[in-house]
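Student: Structure file start.tsv (TSV, C-alpha atoms) is given on the next line.
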chain	number	residue	atom	x	y	z
A	1	MET	CA	0.00	0.00	0.00
A	2	PHE	CA	2.79	2.33	0.93
A	3	LYS	CA	4.64	1.55	-2.30
A	4	ARG	CA	1.56	2.31	-4.33
A	5	ARG	CA	1.09	5.62	-2.59
A	6	HIS	CA	4.72	6.34	-3.12
A	7	PHE	CA	4.41	5.64	-6.82
A	8	LEU	CA	1.31	7.79	-7.17
A	9	SER	CA	2.95	10.78	-5.58
A	10	PHE	CA	5.97	10.30	-7.84
A	11	ALA	CA	3.78	10.10	-10.94
A	12	GLY	CA	1.86	13.16	-9.79
A	13	ALA	CA	5.03	15.16	-9.35
A	14	LEU	CA	6.23	14.02	-12.77
A	15	ALA	CA	2.99	15.03	-14.48
A	16	SER	CA	2.86	18.42	-12.81
A	17	ALA	CA	6.49	19.10	-13.66
A	18	PHE	CA	5.83	18.21	-17.29
A	19	THR	CA	2.82	20.51	-17.54
A	20	LEU	CA	4.88	23.25	-15.94
A	21	ALA	CA	7.67	22.68	-18.45
A	22	LEU	CA	5.24	22.79	-21.35
A	23	SER	CA	3.41	25.86	-20.16
A	24	THR	CA	6.60	27.87	-19.62
A	25	ALA	CA	7.98	27.08	-23.10
A	26	PRO	CA	7.65	30.22	-25.24
A	27	ALA	CA	5.38	29.96	-28.25
A	28	ALA	CA	7.30	30.11	-31.52
A	29	TYR	CA	5.47	32.34	-33.99
A	30	ALA	CA	7.77	33.37	-36.79
A	31	LEU	CA	7.22	36.85	-38.14
A	32	GLU	CA	5.65	36.55	-41.59
A	33	ALA	CA	4.89	38.75	-44.56
A	34	GLY	CA	1.91	41.03	-43.94
A	35	GLN	CA	2.58	41.44	-40.22
A	36	ALA	CA	3.70	44.71	-38.68
A	37	ALA	CA	7.47	44.87	-38.20
A	38	PRO	CA	8.27	45.15	-34.45
A	39	ALA	CA	9.74	48.51	-33.49
A	40	PHE	CA	13.34	48.83	-32.33
A	41	ASN	CA	15.56	51.65	-31.18
A	42	LEU	CA	19.23	50.67	-31.21
A	43	PRO	CA	22.61	52.41	-31.12
A	44	GLY	CA	24.52	52.75	-34.37
A	45	GLN	CA	28.25	52.99	-35.11
A	46	ASP	CA	28.36	56.67	-34.12
A	47	GLY	CA	26.62	55.89	-30.81
A	48	LYS	CA	23.39	57.60	-31.84
A	49	ASN	CA	20.19	55.60	-31.58
A	50	VAL	CA	18.29	54.69	-34.72
A	51	SER	CA	14.66	53.68	-34.64
A	52	LEU	CA	12.71	51.76	-37.28
A	53	ALA	CA	9.97	54.39	-36.99
A	54	ASN	CA	12.41	56.99	-38.42
A	55	PHE	CA	12.03	55.25	-41.78
A	56	ARG	CA	8.25	55.35	-42.17
A	57	GLY	CA	7.41	55.98	-45.79
A	58	ARG	CA	10.60	54.29	-46.96
A	59	TYR	CA	11.57	50.70	-47.63
A	60	VAL	CA	13.82	49.18	-44.96
A	61	TYR	CA	15.89	46.04	-45.42
A	62	VAL	CA	16.39	44.80	-41.85
A	63	ASP	CA	19.21	42.25	-41.71
A	64	PHE	CA	20.30	40.31	-38.61
A	65	TRP	CA	23.98	39.37	-38.67
A	66	ALA	CA	26.85	38.24	-36.44
A	67	SER	CA	30.63	38.21	-36.80
A	68	TRP	CA	30.72	34.41	-36.40
A	69	CYS	CA	28.26	33.82	-39.23
A	70	GLY	CA	29.88	32.85	-42.54
A	71	PRO	CA	27.03	33.71	-44.92
A	72	CYS	CA	26.77	37.16	-43.27
A	73	LYS	CA	30.24	37.90	-44.58
A	74	GLN	CA	29.02	37.07	-48.10
A	75	SER	CA	25.94	39.25	-47.75
A	76	PHE	CA	27.77	42.47	-46.82
A	77	PRO	CA	29.20	43.30	-50.28
A	78	TRP	CA	25.78	42.58	-51.76
A	79	MET	CA	24.03	44.85	-49.24
A	80	ASN	CA	26.57	47.56	-50.11
A	81	THR	CA	25.54	47.39	-53.77
A	82	LEU	CA	21.86	47.18	-52.80
A	83	GLN	CA	22.17	50.36	-50.74
A	84	SER	CA	23.96	52.24	-53.52
A	85	LYS	CA	21.59	51.04	-56.26
A	86	LEU	CA	18.22	51.31	-54.51
A	87	GLY	CA	19.04	53.90	-51.84
A	88	PRO	CA	18.02	56.76	-54.17
A	89	SER	CA	14.61	55.03	-54.69
A	90	GLY	CA	13.96	55.09	-50.94
A	91	LEU	CA	15.56	51.91	-49.60
A	92	GLN	CA	17.57	51.84	-46.37
A	93	VAL	CA	19.58	48.82	-45.25
A	94	LEU	CA	19.65	48.44	-41.46
A	95	ALA	CA	21.99	45.64	-40.43
A	96	ILE	CA	21.48	44.65	-36.80
A	97	ASN	CA	24.50	43.01	-35.18
A	98	VAL	CA	23.73	40.41	-32.50
A	99	ASP	CA	27.28	39.79	-31.22
A	100	GLU	CA	27.62	39.74	-27.45
A	101	LYS	CA	31.02	41.44	-27.64
A	102	ALA	CA	31.22	44.71	-29.56
A	103	ALA	CA	34.90	44.01	-30.31
A	104	ASP	CA	33.93	40.98	-32.44
A	105	ALA	CA	31.53	43.10	-34.48
A	106	ASN	CA	34.09	45.89	-34.95
A	107	HIS	CA	36.73	43.39	-36.05
A	108	PHE	CA	34.30	42.06	-38.66
A	109	LEU	CA	33.44	45.58	-39.84
A	110	THR	CA	37.09	46.48	-40.42
A	111	ALA	CA	37.49	43.35	-42.57
A	112	VAL	CA	34.13	43.70	-44.33
A	113	PRO	CA	33.23	47.41	-44.53
A	114	ALA	CA	29.59	48.43	-44.64
A	115	SER	CA	28.27	51.46	-46.50
A	116	PHE	CA	24.82	51.12	-44.90
A	117	THR	CA	23.57	51.65	-41.35
A	118	VAL	CA	24.82	49.12	-38.79
A	119	LEU	CA	23.07	48.84	-35.42
A	120	PHE	CA	24.13	46.91	-32.32
A	121	ASP	CA	21.86	44.71	-30.23
A	122	ALA	CA	24.06	42.68	-27.86
A	123	LYS	CA	21.07	41.77	-25.69
A	124	GLY	CA	19.23	40.24	-28.64
A	125	SER	CA	15.90	41.97	-28.03
A	126	ALA	CA	15.30	42.78	-31.71
A	127	PRO	CA	16.03	39.26	-33.06
A	128	ALA	CA	13.74	37.90	-30.34
A	129	ALA	CA	10.95	40.28	-31.39
A	130	TYR	CA	11.42	39.30	-35.04
A	131	ASP	CA	11.75	35.64	-34.03
A	132	VAL	CA	14.81	35.10	-36.20
A	133	GLN	CA	14.99	31.44	-37.23
A	134	GLY	CA	18.54	31.37	-38.54
A	135	MET	CA	21.56	33.57	-39.21
A	136	PRO	CA	21.45	35.67	-41.25
A	137	THR	CA	17.76	36.49	-41.68
A	138	SER	CA	16.46	39.61	-43.36
A	139	PHE	CA	13.08	41.30	-43.52
A	140	LEU	CA	11.96	43.80	-46.12
A	141	VAL	CA	9.73	46.34	-44.40
A	142	GLY	CA	7.43	48.43	-46.59
A	143	PRO	CA	6.60	52.15	-46.29
A	144	ASP	CA	3.57	51.23	-44.14
A	145	GLY	CA	5.78	49.40	-41.61
A	146	LYS	CA	4.60	45.95	-42.62
A	147	VAL	CA	6.87	43.03	-43.50
A	148	LEU	CA	6.88	42.36	-47.25
A	149	PHE	CA	9.03	39.25	-47.21
A	150	VAL	CA	11.42	37.26	-45.06
A	151	HIS	CA	14.67	35.85	-46.40
A	152	LYS	CA	16.50	33.19	-44.37
A	153	GLY	CA	20.21	32.62	-44.91
A	154	PHE	CA	22.32	34.05	-47.70
A	155	LYS	CA	24.09	32.47	-50.65
A	156	ASP	CA	25.91	34.24	-53.45
A	157	SER	CA	23.37	32.68	-55.81
A	158	ASP	CA	20.59	34.62	-54.01
A	159	ARG	CA	22.00	37.99	-55.07
A	160	ALA	CA	20.31	38.53	-58.44
A	161	GLU	CA	16.92	37.12	-57.44
A	162	LEU	CA	16.75	39.10	-54.19
A	163	GLU	CA	17.77	42.34	-55.82
A	164	GLN	CA	15.22	41.84	-58.59
A	165	LYS	CA	12.51	41.04	-56.03
A	166	ILE	CA	13.22	44.16	-53.95
A	167	GLY	CA	13.50	46.34	-57.07
A	168	ALA	CA	10.16	45.09	-58.38
A	169	LEU	CA	8.42	45.74	-55.04
A	170	ILE	CA	9.75	49.30	-54.90
A	171	ALA	CA	8.80	49.89	-58.54
A	172	SER	CA	5.24	48.63	-57.93
A	173	LYS	CA	4.73	51.00	-55.00
A	174	PRO	CA	7.32	53.79	-54.85
A	175	ALA	CA	8.52	54.99	-51.46
A	176	GLU	CA	6.68	58.02	-50.11
A	177	VAL	CA	9.85	59.51	-48.70
A	178	LYS	CA	13.13	59.58	-50.59
A	179	PRO	CA	16.48	60.69	-49.21
B	1	MET	CA	9.88	7.91	5.24
B	2	ARG	CA	8.20	11.23	4.76
B	3	GLY	CA	11.62	12.71	4.16
B	4	VAL	CA	12.33	10.15	1.44
B	5	ARG	CA	9.02	10.95	-0.24
B	6	VAL	CA	9.72	14.65	-0.25
B	7	LEU	CA	13.18	13.96	-1.63
B	8	VAL	CA	11.80	11.78	-4.43
B	9	ILE	CA	9.25	14.41	-5.40
B	10	ALA	CA	11.90	17.12	-5.31
B	11	ALA	CA	14.24	15.01	-7.46
B	12	ALA	CA	11.48	14.28	-9.98
B	13	ALA	CA	10.50	17.93	-10.19
B	14	CYS	CA	14.14	18.89	-10.59
B	15	ALA	CA	14.71	16.33	-13.36
B	16	CYS	CA	11.65	17.50	-15.23
B	17	CYS	CA	12.53	21.15	-14.88
B	18	SER	CA	15.42	20.49	-17.22
B	19	CYS	CA	12.84	19.93	-19.96
B	20	SER	CA	11.94	23.58	-19.82
B	21	PHE	CA	15.45	24.78	-20.55
B	22	GLN	CA	15.46	26.14	-24.07
B	23	PRO	CA	18.20	25.45	-26.60
B	24	PRO	CA	20.17	28.56	-27.62
B	25	LYS	CA	18.42	30.81	-30.09
B	26	PRO	CA	19.97	31.20	-33.57
B	27	TRP	CA	21.49	34.57	-32.60
B	28	GLN	CA	23.03	33.13	-29.43
B	29	LYS	CA	25.25	30.58	-31.15
B	30	GLY	CA	28.43	32.66	-31.24
B	31	ALA	CA	30.33	30.35	-28.90
B	32	LEU	CA	29.04	27.24	-30.68
B	33	ALA	CA	30.23	28.62	-34.03
B	34	LYS	CA	33.87	28.65	-32.94
B	35	PRO	CA	36.11	26.18	-34.80
B	36	GLU	CA	37.15	24.49	-31.56
B	37	MET	CA	33.51	23.59	-30.93
B	38	THR	CA	33.36	21.11	-33.84
B	39	MET	CA	32.98	17.48	-32.85
B	40	ALA	CA	36.01	16.42	-34.87
B	41	GLY	CA	39.45	17.87	-34.28
B	42	ASP	CA	40.14	18.47	-37.94
B	43	VAL	CA	37.47	19.52	-40.43
B	44	LEU	CA	39.26	18.09	-43.47
B	45	GLU	CA	39.79	14.77	-41.73
B	46	LEU	CA	36.10	14.68	-40.81
B	47	LYS	CA	35.11	15.32	-44.43
B	48	LEU	CA	37.42	12.58	-45.72
B	49	ASN	CA	36.12	10.13	-43.13
B	50	GLU	CA	32.54	10.92	-44.03
B	51	HIS	CA	33.28	10.50	-47.70
B	52	THR	CA	34.92	7.13	-47.14
B	53	TYR	CA	32.11	6.00	-44.87
B	54	THR	CA	29.29	6.99	-47.17
B	55	THR	CA	30.90	5.57	-50.31
B	56	LYS	CA	32.32	2.36	-48.89
B	57	GLU	CA	29.58	1.29	-46.57
B	58	ALA	CA	26.55	1.78	-48.81
B	59	ALA	CA	25.29	4.35	-46.34
B	60	SER	CA	24.72	7.09	-48.87
B	61	GLY	CA	22.71	10.08	-47.70
B	62	GLY	CA	22.12	10.59	-44.02
B	63	PHE	CA	25.03	12.81	-43.20
B	64	GLY	CA	25.01	16.46	-44.17
B	65	VAL	CA	24.25	17.41	-47.73
B	66	GLY	CA	24.50	15.30	-50.85
B	67	GLY	CA	23.62	11.68	-51.21
B	68	GLY	CA	20.35	10.28	-52.41
B	69	GLY	CA	21.19	6.99	-54.04
B	70	CYS	CA	22.82	8.09	-57.30
B	71	GLY	CA	26.11	6.51	-56.26
B	72	CYS	CA	28.03	9.52	-57.49
B	73	ASN	CA	29.39	10.86	-54.23
Could the structure of this file be written out as structure tokens, please?
Tutor:
Amino acid sequence: MFKRRHFLSFAGALASAFTLALSTAPAAYALEAGQAAPAFNLPGQDGKNVSLANFRGRYVYVDFWASWCGPCKQSFPWMNTLQSKLGPSGLQVLAINVDEKAADANHFLTAVPASFTVLFDAKGSAPAAYDVQGMPTSFLVGPDGKVLFVHKGFKDSDRAELEQKIGALIASKPAEVKP
Amino acid sequence: MRGVRVLVIAAAACACCSCSFQPPKPWQKGALAKPEMTMAGDVLELKLNEHTYTTKEAASGGFGVGGGGCGCN
């Protein structure tokens, strides 16, 4: 009888612990096209804070990158050309660094220079809000602040298709504000 | 005996709590991305071993990319 009681209490504890574990697990809802892009306000390379809201009326290419991410290194030259080609049409590239140590990010930036805006988020609040599923991940945000598409990863073979896709979207609905 | 019971319950709760620990998020994998964190000591050696294994032991596909039964890897 005692053994049985013993077992029951054990099983009860097990079940309650499991439910607790399940209920505390955060729900994974990836940010999709059509949803509003979560706001962020992060420091840039000059120390001044940049907010996504500053770019209302323009297209924003939000890219999450890290110094330890190989494909990110490939994407930087492409984002440089994207900024120079489509910047005049109202596109702004905002590359959010998620490195925990600023030194790692700065080392990367000296090796792979960026001609677009780089922001720093060591705490990872922005990638959490965007529910980034892999590194790098980028989001094209439209003039209305809604996500137009999500692109996971980066390969050199993505360059032409991505650029064409972004160019077509801007051409179909020109930015309200141009630099 | 009551002490034992409490201990068992505490141990069970503790063991199950580990289920709720989340794996690192994609943007938190900086330390895991370091070369010294690979399972094999040498990347080239690992690649050669994999190649030998998958081609010589009819175990094509199942490790990394490639494979799929064409016998060309």
Student: Grab the CA of Val60 in chain A to CA of Gly134 in chain A distance for me, in Å with one decimal place.
Tutor: 19.5 Å
Student: Do you have the CA of Phe76 in chain A-CA of Ala129 in chain A distance handy?
Tutor: 22.9 Å
Student: Could you check which of B:Gly30, B:Pro23, B:Gly3, B:Pro35 is closest to Met135 in chain A, using all atoms listed in the file?
Tutor: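 Using all atoms listed in the file, the shortest distance to Met135 in chain A belongs to B:Gly30.
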Student: Just the residues within 9 Å of Gly57 in chain A, please, counting all atoms listed in the file, with nothing from its chain fewer than 4 positions along; format it as an MDAnalysis selection string.
Tutor: chainID A and resid 90 142:145 175:178
Student: What lies within 12 Å of Pro26 in chain B using all atoms listed in the file, ignoring chain neighbours under 5 positions off, as a short mmCIF file (atom, residue, chain, number, x, y, z; two decimals) with C-alpha atoms, keeping the file's coordinate frame?
Tutor:
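So the final result, stored in around.cif, reads:
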data_model
loop_
_atom_site.label_atom_id
_atom_site.label_comp_id
_atom_site.auth_asym_id
_atom_site.auth_seq_id
_atom_site.Cartn_x
_atom_site.Cartn_y
_atom_site.Cartn_z
CA PHE A 64 20.30 40.31 -38.61
CA TRP A 65 23.98 39.37 -38.67
CA ALA A 66 26.85 38.24 -36.44
CA TRP A 68 30.72 34.41 -36.40
CA CYS A 69 28.26 33.82 -39.23
CA VAL A 98 23.73 40.41 -32.50
CA ASP A 99 27.28 39.79 -31.22
CA GLY A 124 19.23 40.24 -28.64
CA PRO A 127 16.03 39.26 -33.06
CA ALA A 128 13.74 37.90 -30.34
CA TYR A 130 11.42 39.30 -35.04
CA ASP A 131 11.75 35.64 -34.03
CA VAL A 132 14.81 35.10 -36.20
CA GLN A 133 14.99 31.44 -37.23
CA GLY A 134 18.54 31.37 -38.54
CA MET A 135 21.56 33.57 -39.21
CA PRO A 136 21.45 35.67 -41.25
CA THR A 137 17.76 36.49 -41.68
CA LYS A 152 16.50 33.19 -44.37
CA GLY A 153 20.21 32.62 -44.91
CA ALA B 31 30.33 30.35 -28.90
CA LEU B 32 29.04 27.24 -30.68
CA ALA B 33 30.23 28.62 -34.03
#
Student: Could you please determine the separation between CA of Ser84 in chain A and CA of Phe116 in chain A in Å, to one decimal place?
Tutor: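 Interatomic distance here is 8.7 Å.
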Student: For Gly167 in chain A, please output as number ranges by chain all residues within 12 Å (counting all atoms listed in the file; exclusion window: fewer than 6 positions along the same chain).
Tutor: A: 59, 61, 82-83, 85-91, 140, 160-161, 173-175
Student: When you look at Asn49 in chain A with a cut-off of 10 Å (counting all atoms listed in the file), what residues show up, excluding the ones that are within fewer than 5 positions of it in the same chain? I need them as a list in words.
Tutor: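 The residues satisfying every condition are Phe40, Asn41, Leu42, Pro43, Gly44, Leu119 and Phe120 of chain A.
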Student: Determine the nearest neighbour of Ala36 in chain A from the options A:Lys146, A:Lys123, A:Lys165, A:His151, counting all atoms listed in the file.
Tutor: A:Lys146
Student: Taking into account only C-alpha atoms, which residue in the set A:Val150, A:Met79, A:Gly70, A:Glu163 is nearest to chain B?
Tutor: A:Gly70
Student: Need to verify the contact set: Arg159 in chain A, 9 Å, all atoms listed in the file, exclusion of same-chain residues closer than 5 positions in sequence. Can you return it as a short mmCIF file (atom, residue, chain, number, x, y, z; two decimals) with C-alpha atoms, keeping the file's coordinate frame?
Tutor:
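So around_27.cif came out as:
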data_model
loop_
_atom_site.label_atom_id
_atom_site.label_comp_id
_atom_site.auth_asym_id
_atom_site.auth_seq_id
_atom_site.Cartn_x
_atom_site.Cartn_y
_atom_site.Cartn_z
CA SER A 75 25.94 39.25 -47.75
CA TRP A 78 25.78 42.58 -51.76
CA PHE A 154 22.32 34.05 -47.70
CA GLN A 164 15.22 41.84 -58.59
#
Student: Just checking: using all atoms listed in the file, which residue out of A:Asn97, A:Leu148, A:Ser157, A:Val141 ends up closest to chain B?
Tutor: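 Among the listed residues, A:Asn97 lies closest to chain B.
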